[in-house]
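Novice: Sharing upload.txt (compact mmCIF, N, CA and C atoms) below.
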```txt
# COMPACT_ATOMS: atom_id res chain seq x y z
N MET U 323 -5.29 6.95 11.50
CA MET U 323 -6.56 6.41 11.06
C MET U 323 -7.53 7.57 10.84
N PRO U 324 -8.55 7.36 9.99
CA PRO U 324 -9.45 8.46 9.72
C PRO U 324 -10.25 8.83 10.96
N ARG U 325 -10.50 10.13 11.12
CA ARG U 325 -11.32 10.60 12.23
C ARG U 325 -12.78 10.27 11.94
N SER U 326 -13.59 10.20 12.98
CA SER U 326 -15.00 9.84 12.81
C SER U 326 -15.74 10.85 11.95
N SER U 327 -15.29 12.09 11.88
CA SER U 327 -15.96 13.09 11.08
C SER U 327 -15.54 13.02 9.61
N ALA U 328 -14.50 12.28 9.32
CA ALA U 328 -14.00 12.17 7.94
C ALA U 328 -14.90 11.28 7.11
N ILE U 329 -14.87 11.47 5.80
CA ILE U 329 -15.60 10.59 4.89
C ILE U 329 -15.02 9.18 5.01
N THR U 330 -15.85 8.18 4.89
CA THR U 330 -15.35 6.81 4.96
C THR U 330 -15.21 6.25 3.55
N VAL U 331 -14.48 5.16 3.44
CA VAL U 331 -14.29 4.52 2.14
C VAL U 331 -15.64 4.10 1.58
N LYS U 332 -16.53 3.61 2.42
CA LYS U 332 -17.86 3.20 1.96
C LYS U 332 -18.63 4.37 1.34
N GLN U 333 -18.41 5.58 1.86
CA GLN U 333 -19.10 6.77 1.36
C GLN U 333 -18.54 7.29 0.05
N LEU U 334 -17.41 6.76 -0.39
CA LEU U 334 -16.85 7.20 -1.67
C LEU U 334 -17.77 6.84 -2.84
N GLY U 335 -18.59 5.82 -2.65
CA GLY U 335 -19.53 5.43 -3.70
C GLY U 335 -18.90 4.57 -4.78
N ARG U 336 -17.72 4.06 -4.54
CA ARG U 336 -17.03 3.19 -5.50
C ARG U 336 -16.03 2.33 -4.75
N SER U 337 -15.58 1.29 -5.42
CA SER U 337 -14.56 0.43 -4.82
C SER U 337 -13.21 1.13 -4.84
N VAL U 338 -12.42 0.85 -3.83
CA VAL U 338 -11.04 1.33 -3.77
C VAL U 338 -10.18 0.28 -4.46
N ARG U 339 -9.49 0.70 -5.51
CA ARG U 339 -8.66 -0.22 -6.30
C ARG U 339 -7.27 -0.31 -5.68
N VAL U 340 -6.83 -1.55 -5.41
CA VAL U 340 -5.57 -1.79 -4.72
C VAL U 340 -4.68 -2.71 -5.56
N LEU U 341 -3.42 -2.32 -5.70
CA LEU U 341 -2.39 -3.16 -6.31
C LEU U 341 -1.51 -3.69 -5.19
N ILE U 342 -1.24 -4.98 -5.20
CA ILE U 342 -0.40 -5.62 -4.18
C ILE U 342 0.93 -6.03 -4.82
N ALA U 343 2.04 -5.61 -4.23
CA ALA U 343 3.36 -5.97 -4.75
C ALA U 343 4.20 -6.60 -3.64
N ASP U 344 4.45 -7.89 -3.79
CA ASP U 344 5.27 -8.63 -2.84
C ASP U 344 5.83 -9.84 -3.57
N ASP U 345 7.07 -10.19 -3.32
CA ASP U 345 7.67 -11.33 -4.00
C ASP U 345 7.25 -12.67 -3.40
N GLN U 346 6.56 -12.65 -2.26
CA GLN U 346 6.12 -13.89 -1.62
C GLN U 346 4.65 -14.16 -1.93
N PRO U 347 4.37 -15.23 -2.68
CA PRO U 347 2.98 -15.53 -3.05
C PRO U 347 2.04 -15.67 -1.85
N VAL U 348 2.52 -16.23 -0.76
CA VAL U 348 1.66 -16.40 0.41
C VAL U 348 1.24 -15.06 1.00
N ILE U 349 2.12 -14.07 0.97
CA ILE U 349 1.78 -12.73 1.47
C ILE U 349 0.78 -12.06 0.53
N ARG U 350 1.01 -12.16 -0.78
CA ARG U 350 0.05 -11.58 -1.74
C ARG U 350 -1.33 -12.18 -1.53
N LYS U 351 -1.37 -13.49 -1.34
CA LYS U 351 -2.65 -14.18 -1.14
C LYS U 351 -3.32 -13.71 0.15
N LEU U 352 -2.56 -13.59 1.23
CA LEU U 352 -3.09 -13.12 2.51
C LEU U 352 -3.65 -11.70 2.39
N VAL U 353 -2.89 -10.81 1.78
CA VAL U 353 -3.33 -9.42 1.62
C VAL U 353 -4.58 -9.37 0.75
N ARG U 354 -4.56 -10.11 -0.36
CA ARG U 354 -5.72 -10.15 -1.26
C ARG U 354 -6.97 -10.62 -0.51
N SER U 355 -6.86 -11.74 0.18
CA SER U 355 -8.05 -12.28 0.86
C SER U 355 -8.53 -11.35 1.98
N THR U 356 -7.59 -10.72 2.69
CA THR U 356 -7.97 -9.78 3.74
C THR U 356 -8.73 -8.60 3.17
N LEU U 357 -8.20 -8.00 2.10
CA LEU U 357 -8.86 -6.83 1.50
C LEU U 357 -10.18 -7.21 0.82
N GLN U 358 -10.19 -8.33 0.12
CA GLN U 358 -11.40 -8.71 -0.61
C GLN U 358 -12.52 -9.20 0.31
N SER U 359 -12.23 -9.40 1.57
CA SER U 359 -13.30 -9.75 2.51
C SER U 359 -14.15 -8.52 2.84
N HIS U 360 -13.71 -7.36 2.36
CA HIS U 360 -14.44 -6.10 2.53
C HIS U 360 -14.94 -5.66 1.15
N PRO U 361 -16.24 -5.47 1.01
CA PRO U 361 -16.80 -5.19 -0.32
C PRO U 361 -16.34 -3.88 -0.96
N HIS U 362 -15.81 -2.96 -0.19
CA HIS U 362 -15.39 -1.68 -0.76
C HIS U 362 -13.96 -1.69 -1.30
N PHE U 363 -13.29 -2.85 -1.26
CA PHE U 363 -11.95 -2.98 -1.85
C PHE U 363 -11.98 -3.88 -3.07
N GLU U 364 -11.23 -3.51 -4.09
CA GLU U 364 -11.06 -4.34 -5.28
C GLU U 364 -9.56 -4.47 -5.52
N VAL U 365 -9.04 -5.68 -5.43
CA VAL U 365 -7.63 -5.90 -5.75
C VAL U 365 -7.56 -5.97 -7.28
N CYS U 366 -7.01 -4.93 -7.88
CA CYS U 366 -7.00 -4.81 -9.34
C CYS U 366 -5.78 -5.46 -9.98
N GLY U 367 -4.77 -5.82 -9.16
CA GLY U 367 -3.59 -6.46 -9.73
C GLY U 367 -2.57 -6.84 -8.67
N GLU U 368 -1.59 -7.61 -9.13
CA GLU U 368 -0.49 -8.04 -8.27
C GLU U 368 0.82 -7.92 -9.03
N ALA U 369 1.89 -7.75 -8.28
CA ALA U 369 3.23 -7.69 -8.86
C ALA U 369 4.18 -8.47 -7.95
N THR U 370 5.23 -9.04 -8.56
CA THR U 370 6.18 -9.84 -7.79
C THR U 370 7.52 -9.14 -7.55
N ASN U 371 7.69 -7.96 -8.14
CA ASN U 371 8.91 -7.18 -7.92
C ASN U 371 8.62 -5.71 -8.13
N GLY U 372 9.58 -4.87 -7.78
CA GLY U 372 9.38 -3.42 -7.87
C GLY U 372 9.15 -2.90 -9.28
N ALA U 373 9.87 -3.44 -10.25
CA ALA U 373 9.71 -2.99 -11.63
C ALA U 373 8.31 -3.34 -12.15
N GLN U 374 7.87 -4.53 -11.83
CA GLN U 374 6.52 -4.94 -12.24
C GLN U 374 5.46 -4.08 -11.54
N ALA U 375 5.70 -3.71 -10.30
CA ALA U 375 4.76 -2.84 -9.58
C ALA U 375 4.61 -1.50 -10.29
N ILE U 376 5.70 -0.95 -10.79
CA ILE U 376 5.65 0.31 -11.52
C ILE U 376 4.85 0.15 -12.80
N GLU U 377 5.12 -0.90 -13.54
CA GLU U 377 4.40 -1.15 -14.80
C GLU U 377 2.91 -1.37 -14.57
N GLU U 378 2.57 -2.15 -13.55
CA GLU U 378 1.16 -2.41 -13.23
C GLU U 378 0.46 -1.13 -12.75
N THR U 379 1.18 -0.29 -12.02
CA THR U 379 0.61 0.98 -11.57
C THR U 379 0.30 1.88 -12.76
N LYS U 380 1.23 1.95 -13.72
CA LYS U 380 0.98 2.75 -14.94
C LYS U 380 -0.26 2.26 -15.67
N LYS U 381 -0.39 0.94 -15.77
CA LYS U 381 -1.48 0.33 -16.53
C LYS U 381 -2.81 0.40 -15.79
N LEU U 382 -2.81 0.10 -14.49
CA LEU U 382 -4.05 -0.06 -13.74
C LEU U 382 -4.51 1.19 -12.99
N LYS U 383 -3.59 2.10 -12.72
CA LYS U 383 -3.88 3.33 -11.97
C LYS U 383 -4.68 3.07 -10.68
N PRO U 384 -4.11 2.29 -9.77
CA PRO U 384 -4.81 1.97 -8.52
C PRO U 384 -4.92 3.18 -7.59
N ASP U 385 -5.87 3.12 -6.68
CA ASP U 385 -5.99 4.15 -5.65
C ASP U 385 -4.89 3.98 -4.60
N VAL U 386 -4.55 2.71 -4.33
CA VAL U 386 -3.55 2.38 -3.31
C VAL U 386 -2.62 1.30 -3.85
N VAL U 387 -1.32 1.46 -3.58
CA VAL U 387 -0.33 0.43 -3.91
C VAL U 387 0.26 -0.04 -2.59
N VAL U 388 0.12 -1.35 -2.32
CA VAL U 388 0.72 -1.96 -1.13
C VAL U 388 2.02 -2.61 -1.58
N LEU U 389 3.15 -2.11 -1.05
CA LEU U 389 4.48 -2.54 -1.49
C LEU U 389 5.28 -3.18 -0.35
N ASN U 390 5.91 -4.30 -0.65
CA ASN U 390 6.91 -4.87 0.24
C ASN U 390 8.20 -4.09 0.03
N VAL U 391 9.03 -3.98 1.06
CA VAL U 391 10.31 -3.27 0.91
C VAL U 391 11.32 -4.13 0.16
N THR U 392 11.50 -5.36 0.56
CA THR U 392 12.54 -6.20 -0.01
C THR U 392 11.98 -7.09 -1.11
N MET U 393 12.10 -6.60 -2.34
CA MET U 393 11.67 -7.34 -3.54
C MET U 393 12.82 -7.33 -4.54
N PRO U 394 12.82 -8.30 -5.44
CA PRO U 394 13.87 -8.32 -6.48
C PRO U 394 13.66 -7.23 -7.54
N VAL U 395 14.63 -7.06 -8.36
CA VAL U 395 14.70 -6.10 -9.48
C VAL U 395 14.78 -4.68 -8.94
N LEU U 396 13.70 -4.16 -8.38
CA LEU U 396 13.70 -2.88 -7.67
C LEU U 396 13.06 -3.12 -6.31
N ASN U 397 13.60 -2.53 -5.25
CA ASN U 397 12.98 -2.72 -3.94
C ASN U 397 11.75 -1.80 -3.81
N GLY U 398 11.03 -1.95 -2.71
CA GLY U 398 9.81 -1.18 -2.51
C GLY U 398 10.03 0.32 -2.47
N PHE U 399 11.15 0.76 -1.91
CA PHE U 399 11.43 2.20 -1.86
C PHE U 399 11.70 2.76 -3.26
N GLN U 400 12.48 2.02 -4.05
CA GLN U 400 12.75 2.45 -5.43
C GLN U 400 11.46 2.51 -6.22
N ALA U 401 10.62 1.51 -6.07
CA ALA U 401 9.33 1.48 -6.78
C ALA U 401 8.45 2.63 -6.30
N ALA U 402 8.41 2.88 -5.00
CA ALA U 402 7.58 3.95 -4.45
C ALA U 402 7.99 5.32 -5.01
N ARG U 403 9.29 5.57 -5.10
CA ARG U 403 9.77 6.85 -5.66
C ARG U 403 9.25 7.04 -7.09
N GLU U 404 9.36 5.99 -7.89
CA GLU U 404 8.93 6.08 -9.28
C GLU U 404 7.41 6.22 -9.38
N ILE U 405 6.69 5.47 -8.59
CA ILE U 405 5.22 5.54 -8.60
C ILE U 405 4.76 6.94 -8.20
N LYS U 406 5.39 7.54 -7.20
CA LYS U 406 5.02 8.90 -6.77
C LYS U 406 5.26 9.91 -7.89
N LYS U 407 6.27 9.67 -8.74
CA LYS U 407 6.53 10.57 -9.87
C LYS U 407 5.47 10.42 -10.96
N ILE U 408 5.11 9.19 -11.29
CA ILE U 408 4.23 8.97 -12.44
C ILE U 408 2.74 9.04 -12.12
N ILE U 409 2.37 8.62 -10.90
CA ILE U 409 0.96 8.69 -10.49
C ILE U 409 0.93 9.15 -9.03
N PRO U 410 1.15 10.44 -8.82
CA PRO U 410 1.25 10.94 -7.44
C PRO U 410 -0.02 10.77 -6.62
N GLU U 411 -1.16 10.63 -7.29
CA GLU U 411 -2.42 10.48 -6.55
C GLU U 411 -2.62 9.08 -5.95
N SER U 412 -1.83 8.10 -6.38
CA SER U 412 -1.91 6.77 -5.79
C SER U 412 -1.25 6.79 -4.40
N ALA U 413 -2.01 6.38 -3.39
CA ALA U 413 -1.46 6.31 -2.04
C ALA U 413 -0.59 5.05 -1.95
N ILE U 414 0.50 5.15 -1.23
CA ILE U 414 1.40 4.00 -1.08
C ILE U 414 1.44 3.57 0.38
N VAL U 415 1.28 2.27 0.58
CA VAL U 415 1.38 1.65 1.90
C VAL U 415 2.51 0.63 1.82
N ILE U 416 3.49 0.76 2.70
CA ILE U 416 4.58 -0.20 2.77
C ILE U 416 4.18 -1.30 3.75
N LEU U 417 4.34 -2.55 3.31
CA LEU U 417 4.07 -3.72 4.15
C LEU U 417 5.40 -4.46 4.27
N SER U 418 5.96 -4.50 5.47
CA SER U 418 7.32 -5.05 5.62
C SER U 418 7.49 -5.81 6.93
N VAL U 419 8.40 -6.77 6.90
CA VAL U 419 8.77 -7.50 8.11
C VAL U 419 9.51 -6.55 9.05
N ASP U 420 10.29 -5.65 8.50
CA ASP U 420 11.19 -4.81 9.28
C ASP U 420 10.66 -3.38 9.39
N ALA U 421 10.32 -2.97 10.62
CA ALA U 421 9.90 -1.58 10.86
C ALA U 421 11.08 -0.79 11.43
N ASP U 422 12.25 -1.04 10.87
CA ASP U 422 13.48 -0.34 11.25
C ASP U 422 13.26 1.18 11.14
N LYS U 423 13.77 1.92 12.10
CA LYS U 423 13.58 3.38 12.13
C LYS U 423 14.06 4.04 10.84
N GLY U 424 15.19 3.57 10.30
CA GLY U 424 15.70 4.13 9.05
C GLY U 424 14.77 3.86 7.88
N PHE U 425 14.18 2.66 7.84
CA PHE U 425 13.21 2.33 6.78
C PHE U 425 11.99 3.23 6.88
N VAL U 426 11.50 3.42 8.11
CA VAL U 426 10.31 4.25 8.31
C VAL U 426 10.59 5.70 7.88
N GLU U 427 11.76 6.21 8.26
CA GLU U 427 12.12 7.58 7.86
C GLU U 427 12.23 7.71 6.34
N GLU U 428 12.81 6.71 5.69
CA GLU U 428 12.91 6.72 4.23
C GLU U 428 11.52 6.73 3.60
N ALA U 429 10.62 5.94 4.14
CA ALA U 429 9.25 5.90 3.62
C ALA U 429 8.59 7.27 3.73
N LYS U 430 8.78 7.93 4.85
CA LYS U 430 8.21 9.28 5.03
C LYS U 430 8.76 10.25 4.00
N LYS U 431 10.07 10.22 3.77
CA LYS U 431 10.71 11.12 2.80
C LYS U 431 10.13 10.93 1.41
N ILE U 432 9.84 9.71 1.05
CA ILE U 432 9.32 9.40 -0.29
C ILE U 432 7.88 9.88 -0.46
N GLY U 433 7.16 9.98 0.64
CA GLY U 433 5.75 10.36 0.55
C GLY U 433 4.80 9.19 0.71
N VAL U 434 5.32 8.10 1.27
CA VAL U 434 4.49 6.94 1.57
C VAL U 434 3.48 7.35 2.64
N ARG U 435 2.24 6.88 2.52
CA ARG U 435 1.19 7.26 3.48
C ARG U 435 1.24 6.44 4.77
N ALA U 436 1.70 5.16 4.65
CA ALA U 436 1.66 4.31 5.83
C ALA U 436 2.71 3.20 5.73
N TYR U 437 3.09 2.69 6.88
CA TYR U 437 4.07 1.62 7.00
C TYR U 437 3.50 0.61 7.98
N VAL U 438 3.29 -0.62 7.51
CA VAL U 438 2.64 -1.65 8.32
C VAL U 438 3.53 -2.88 8.42
N ALA U 439 3.69 -3.39 9.63
CA ALA U 439 4.43 -4.63 9.83
C ALA U 439 3.61 -5.80 9.28
N LYS U 440 4.29 -6.75 8.62
CA LYS U 440 3.58 -7.91 8.06
C LYS U 440 2.84 -8.70 9.12
N THR U 441 3.27 -8.63 10.34
CA THR U 441 2.58 -9.33 11.42
C THR U 441 1.21 -8.72 11.70
N LYS U 442 0.96 -7.52 11.16
CA LYS U 442 -0.32 -6.83 11.36
C LYS U 442 -1.13 -6.80 10.06
N ALA U 443 -0.89 -7.76 9.19
CA ALA U 443 -1.52 -7.75 7.86
C ALA U 443 -2.97 -8.22 7.88
N GLY U 444 -3.67 -8.01 8.97
CA GLY U 444 -5.09 -8.35 9.06
C GLY U 444 -5.92 -7.08 9.04
N GLU U 445 -6.78 -6.93 10.03
CA GLU U 445 -7.69 -5.78 10.08
C GLU U 445 -6.94 -4.45 10.19
N ALA U 446 -5.75 -4.44 10.81
CA ALA U 446 -4.97 -3.21 10.88
C ALA U 446 -4.59 -2.74 9.48
N LEU U 447 -4.29 -3.69 8.59
CA LEU U 447 -3.98 -3.33 7.21
C LEU U 447 -5.19 -2.72 6.52
N VAL U 448 -6.36 -3.29 6.75
CA VAL U 448 -7.59 -2.75 6.16
C VAL U 448 -7.79 -1.30 6.60
N LYS U 449 -7.69 -1.04 7.88
CA LYS U 449 -7.86 0.32 8.40
C LYS U 449 -6.80 1.27 7.84
N THR U 450 -5.59 0.77 7.69
CA THR U 450 -4.50 1.58 7.18
C THR U 450 -4.71 1.93 5.71
N VAL U 451 -5.13 0.97 4.91
CA VAL U 451 -5.41 1.22 3.49
C VAL U 451 -6.56 2.22 3.36
N GLU U 452 -7.58 2.08 4.19
CA GLU U 452 -8.68 3.05 4.19
C GLU U 452 -8.17 4.45 4.48
N ALA U 453 -7.37 4.57 5.54
CA ALA U 453 -6.84 5.87 5.92
C ALA U 453 -5.94 6.45 4.83
N ALA U 454 -5.14 5.60 4.19
CA ALA U 454 -4.24 6.06 3.14
C ALA U 454 -5.00 6.64 1.95
N VAL U 455 -6.06 5.97 1.55
CA VAL U 455 -6.81 6.45 0.38
C VAL U 455 -7.61 7.71 0.70
N LEU U 456 -8.00 7.87 1.95
CA LEU U 456 -8.78 9.05 2.33
C LEU U 456 -7.90 10.27 2.56
N GLY U 457 -6.60 10.06 2.62
CA GLY U 457 -5.68 11.18 2.76
C GLY U 457 -5.50 11.60 4.20
N GLY U 458 -5.16 12.85 4.38
CA GLY U 458 -4.85 13.35 5.72
C GLY U 458 -3.37 13.65 5.79
N GLU U 459 -2.98 14.32 6.82
CA GLU U 459 -1.60 14.77 6.95
C GLU U 459 -0.70 13.80 7.70
N ASP U 460 -1.29 12.94 8.50
CA ASP U 460 -0.49 12.10 9.38
C ASP U 460 0.03 10.84 8.68
N PHE U 461 1.29 10.53 8.94
CA PHE U 461 1.91 9.28 8.51
C PHE U 461 1.46 8.20 9.48
N ILE U 462 1.10 7.05 8.97
CA ILE U 462 0.59 5.96 9.82
C ILE U 462 1.67 4.88 9.94
N LEU U 463 1.97 4.51 11.19
CA LEU U 463 2.94 3.44 11.46
C LEU U 463 2.25 2.41 12.34
N ILE U 464 2.14 1.17 11.82
CA ILE U 464 1.57 0.06 12.58
C ILE U 464 2.66 -0.99 12.73
N GLU U 465 3.17 -1.13 13.95
CA GLU U 465 4.25 -2.09 14.21
C GLU U 465 3.72 -3.35 14.86
```
Would you write out, as structure tokens, the structure that this file holds?

Specialist:
Amino acid sequence: MPRSSAITVKQLGRSVRVLIADDQPVIRKLVRSTLQSHPHFEVCGEATNGAQAIEETKKLKPDVVVLNVTMPVLNGFQAAREIKKIIPESAIVILSVDADKGFVEEAKKIGVRAYVAKTKAGEALVKTVEAAVLGGEDFILIE
């Protein structure tokens, strides 16, 4: 999480644009409503699979992409690899049911900023997305 001396998302002077990619409509809706309850976040788009997430990222150029791991067409890791190649400045947050050690290690290798369990998709997700967009060296894991 960002240190108290770090710049905050509110101090950026603009909304943080977030793309949500999950094949479950209820999860997309939950993430959208959670983020949009904070005025400094703007959900700029949604995707239902990894390939669509890549296309939407190219088109919308979000600050943060929230990706589910298990999606059709391309999974979240495959999408994350491609997104990091085409828009490396977009921070990636993985939102998954499974915080398996192997999944977390794979996320780190790809350059994902954070990994959050879906059970923590409330205020912990907000703090994690803030930290991801502000950068820093530490990988964030919320189980």

Novice: I need the residues of chain U that end up classed as strand (DSSP E) by DSSP on the backbone, written out as a ChimeraX atom specification.

Specialist: /U:338-343,363-369,386-389,413-418,436-439,462-464

Novice: Take the selection from the previous step and output its residues with N, CA and C atoms, as a CSV table (one decimal), in the coordinates of the input.

Specialist:
```
chain,number,residue,atom,x,y,z
U,338,VAL,N,-12.4,0.8,-3.8
U,338,VAL,CA,-11.0,1.3,-3.8
U,338,VAL,C,-10.2,0.3,-4.5
U,339,ARG,N,-9.5,0.7,-5.5
U,339,ARG,CA,-8.7,-0.2,-6.3
U,339,ARG,C,-7.3,-0.3,-5.7
U,340,VAL,N,-6.8,-1.6,-5.4
U,340,VAL,CA,-5.6,-1.8,-4.7
U,340,VAL,C,-4.7,-2.7,-5.6
U,341,LEU,N,-3.4,-2.3,-5.7
U,341,LEU,CA,-2.4,-3.2,-6.3
U,341,LEU,C,-1.5,-3.7,-5.2
U,342,ILE,N,-1.2,-5.0,-5.2
U,342,ILE,CA,-0.4,-5.6,-4.2
U,342,ILE,C,0.9,-6.0,-4.8
U,343,ALA,N,2.0,-5.6,-4.2
U,343,ALA,CA,3.4,-6.0,-4.8
U,343,ALA,C,4.2,-6.6,-3.6
U,363,PHE,N,-13.3,-2.8,-1.3
U,363,PHE,CA,-12.0,-3.0,-1.8
U,363,PHE,C,-12.0,-3.9,-3.1
U,364,GLU,N,-11.2,-3.5,-4.1
U,364,GLU,CA,-11.1,-4.3,-5.3
U,364,GLU,C,-9.6,-4.5,-5.5
U,365,VAL,N,-9.0,-5.7,-5.4
U,365,VAL,CA,-7.6,-5.9,-5.8
U,365,VAL,C,-7.6,-6.0,-7.3
U,366,CYS,N,-7.0,-4.9,-7.9
U,366,CYS,CA,-7.0,-4.8,-9.3
U,366,CYS,C,-5.8,-5.5,-10.0
U,367,GLY,N,-4.8,-5.8,-9.2
U,367,GLY,CA,-3.6,-6.5,-9.7
U,367,GLY,C,-2.6,-6.8,-8.7
U,368,GLU,N,-1.6,-7.6,-9.1
U,368,GLU,CA,-0.5,-8.0,-8.3
U,368,GLU,C,0.8,-7.9,-9.0
U,369,ALA,N,1.9,-7.8,-8.3
U,369,ALA,CA,3.2,-7.7,-8.9
U,369,ALA,C,4.2,-8.5,-8.0
U,386,VAL,N,-4.6,2.7,-4.3
U,386,VAL,CA,-3.6,2.4,-3.3
U,386,VAL,C,-2.6,1.3,-3.8
U,387,VAL,N,-1.3,1.5,-3.6
U,387,VAL,CA,-0.3,0.4,-3.9
U,387,VAL,C,0.3,0.0,-2.6
U,388,VAL,N,0.1,-1.4,-2.3
U,388,VAL,CA,0.7,-2.0,-1.1
U,388,VAL,C,2.0,-2.6,-1.6
U,389,LEU,N,3.2,-2.1,-1.0
U,389,LEU,CA,4.5,-2.5,-1.5
U,389,LEU,C,5.3,-3.2,-0.4
U,413,ALA,N,-2.0,6.4,-3.4
U,413,ALA,CA,-1.5,6.3,-2.0
U,413,ALA,C,-0.6,5.0,-2.0
U,414,ILE,N,0.5,5.2,-1.2
U,414,ILE,CA,1.4,4.0,-1.1
U,414,ILE,C,1.4,3.6,0.4
U,415,VAL,N,1.3,2.3,0.6
U,415,VAL,CA,1.4,1.6,1.9
U,415,VAL,C,2.5,0.6,1.8
U,416,ILE,N,3.5,0.8,2.7
U,416,ILE,CA,4.6,-0.2,2.8
U,416,ILE,C,4.2,-1.3,3.8
U,417,LEU,N,4.3,-2.6,3.3
U,417,LEU,CA,4.1,-3.7,4.2
U,417,LEU,C,5.4,-4.5,4.3
U,418,SER,N,6.0,-4.5,5.5
U,418,SER,CA,7.3,-5.0,5.6
U,418,SER,C,7.5,-5.8,6.9
U,436,ALA,N,1.7,5.2,4.6
U,436,ALA,CA,1.7,4.3,5.8
U,436,ALA,C,2.7,3.2,5.7
U,437,TYR,N,3.1,2.7,6.9
U,437,TYR,CA,4.1,1.6,7.0
U,437,TYR,C,3.5,0.6,8.0
U,438,VAL,N,3.3,-0.6,7.5
U,438,VAL,CA,2.6,-1.6,8.3
U,438,VAL,C,3.5,-2.9,8.4
U,439,ALA,N,3.7,-3.4,9.6
U,439,ALA,CA,4.4,-4.6,9.8
U,439,ALA,C,3.6,-5.8,9.3
U,462,ILE,N,1.1,7.0,9.0
U,462,ILE,CA,0.6,6.0,9.8
U,462,ILE,C,1.7,4.9,9.9
U,463,LEU,N,2.0,4.5,11.2
U,463,LEU,CA,2.9,3.4,11.5
U,463,LEU,C,2.2,2.4,12.3
U,464,ILE,N,2.1,1.2,11.8
U,464,ILE,CA,1.6,0.1,12.6
U,464,ILE,C,2.7,-1.0,12.7
```

Novice: Would you mind listing what lies within 10 Å of U:Ile464 as a list in words, with only C-alpha atoms counted and same-chain residues fewer than 5 positions away left out?

Specialist: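 Close residues of U:Ile464: Leu417, Ala421, Ala436, Tyr437, Val438, Ala439, Lys440, Thr441, Lys442, Ala443, Ala446, Leu447 and Thr450 of chain U.
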
Novice: Would you output that residue set with N, CA and C atoms, as an mmCIF file, in the coordinates of the input?

Specialist:
```cif
data_model
loop_
_atom_site.group_PDB
_atom_site.id
_atom_site.type_symbol
_atom_site.label_atom_id
_atom_site.label_comp_id
_atom_site.auth_asym_id
_atom_site.auth_seq_id
_atom_site.Cartn_x
_atom_site.Cartn_y
_atom_site.Cartn_z
ATOM 1 N N LEU U 417 4.340 -2.550 3.310
ATOM 2 C CA LEU U 417 4.070 -3.720 4.150
ATOM 3 C C LEU U 417 5.400 -4.460 4.270
ATOM 4 N N ALA U 421 10.320 -2.970 10.620
ATOM 5 C CA ALA U 421 9.900 -1.580 10.860
ATOM 6 C C ALA U 421 11.080 -0.790 11.430
ATOM 7 N N ALA U 436 1.700 5.160 4.650
ATOM 8 C CA ALA U 436 1.660 4.310 5.830
ATOM 9 C C ALA U 436 2.710 3.200 5.730
ATOM 10 N N TYR U 437 3.090 2.690 6.880
ATOM 11 C CA TYR U 437 4.070 1.620 7.000
ATOM 12 C C TYR U 437 3.500 0.610 7.980
ATOM 13 N N VAL U 438 3.290 -0.620 7.510
ATOM 14 C CA VAL U 438 2.640 -1.650 8.320
ATOM 15 C C VAL U 438 3.530 -2.880 8.420
ATOM 16 N N ALA U 439 3.690 -3.390 9.630
ATOM 17 C CA ALA U 439 4.430 -4.630 9.830
ATOM 18 C C ALA U 439 3.610 -5.800 9.280
ATOM 19 N N LYS U 440 4.290 -6.750 8.620
ATOM 20 C CA LYS U 440 3.580 -7.910 8.060
ATOM 21 C C LYS U 440 2.840 -8.700 9.120
ATOM 22 N N THR U 441 3.270 -8.630 10.340
ATOM 23 C CA THR U 441 2.580 -9.330 11.420
ATOM 24 C C THR U 441 1.210 -8.720 11.700
ATOM 25 N N LYS U 442 0.960 -7.520 11.160
ATOM 26 C CA LYS U 442 -0.320 -6.830 11.360
ATOM 27 C C LYS U 442 -1.130 -6.800 10.060
ATOM 28 N N ALA U 443 -0.890 -7.760 9.190
ATOM 29 C CA ALA U 443 -1.520 -7.750 7.860
ATOM 30 C C ALA U 443 -2.970 -8.220 7.880
ATOM 31 N N ALA U 446 -5.750 -4.440 10.810
ATOM 32 C CA ALA U 446 -4.970 -3.210 10.880
ATOM 33 C C ALA U 446 -4.590 -2.740 9.480
ATOM 34 N N LEU U 447 -4.290 -3.690 8.590
ATOM 35 C CA LEU U 447 -3.980 -3.330 7.210
ATOM 36 C C LEU U 447 -5.190 -2.720 6.520
ATOM 37 N N THR U 450 -5.590 0.770 7.690
ATOM 38 C CA THR U 450 -4.500 1.580 7.180
ATOM 39 C C THR U 450 -4.710 1.930 5.710
#
```

Novice: Give me the residues within 7 Å of stretch 346-355 of chain U as a VMD selection string, counting only C-alpha atoms and dropping any in the same chain fewer than 3 places off.

Specialist: chain U and resid 342 358 to 359 365 443

Novice: Report as a PyMOL selection string all protein, DNA and RNA residues lying within 8 Å of U:Gly457, evaluated on only N, CA and C atoms, omitting residues in the same chain fewer than 4 positions from it.

Specialist: chain U and resi 324+413+435+451-453

Novice: Using 5 Å of padding on each side, determine the axis-aligned box around all atoms of stretch 372-379 of chain U present in the file and give its centre and edge lengths in Å to one decimal, as lines of an AutoDock Vina configuration file.

Specialist:
```
center_x = 5.1
center_y = -1.5
center_z = -11.3
size_x = 19.6
size_y = 16.8
size_z = 17.0
```

Novice: In Å, rounded to a single decimal, give me how far atom CA of U:Asp385 is from atom CA of U:Ala454.

Specialist: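 Distance between the two atoms: 9.2 Å.
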
Novice: Would you please work out which residue, of U:Leu463, U:Val338, U:Val434, U:Ala369, is nearest to U:Asp420 when using only C-alpha atoms?

Specialist: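 Looking only at the distances to U:Asp420, the closest residue turns out to be U:Leu463.
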
Novice: Would you work out the distance separating atom CA of U:Lys383 from atom CA of U:Ile409, expressed in Å to one decimal?

Specialist: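 Computed distance, atom CA of U:Lys383 to atom CA of U:Ile409, equals 7.4 Å.
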
Novice: Using DSSP on the backbone, list every residue of chain U that comes out as helix (DSSP H, G or I), and give them as a PyMOL selection string.

Specialist: chain U and resi 331-334+347-358+372-382+398-408+423-432+440-442+445-456

Novice: Nearest to U:Gln374 among U:Val391, U:Val455, U:Leu396, U:His360, with distances taken over all atoms listed in the file: which residue is it?

Specialist: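 Using all atoms listed in the file, U:Gln374 sits closest to U:Leu396.
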
Novice: Which residues, protein or nucleic acid, reach to within 6 Å of (11.2, -1.5, -3.8) in the file's coordinates when using all atoms listed in the file, and can you give that as a PyMOL selection string?

Specialist: chain U and resi 372+390-393+396-402
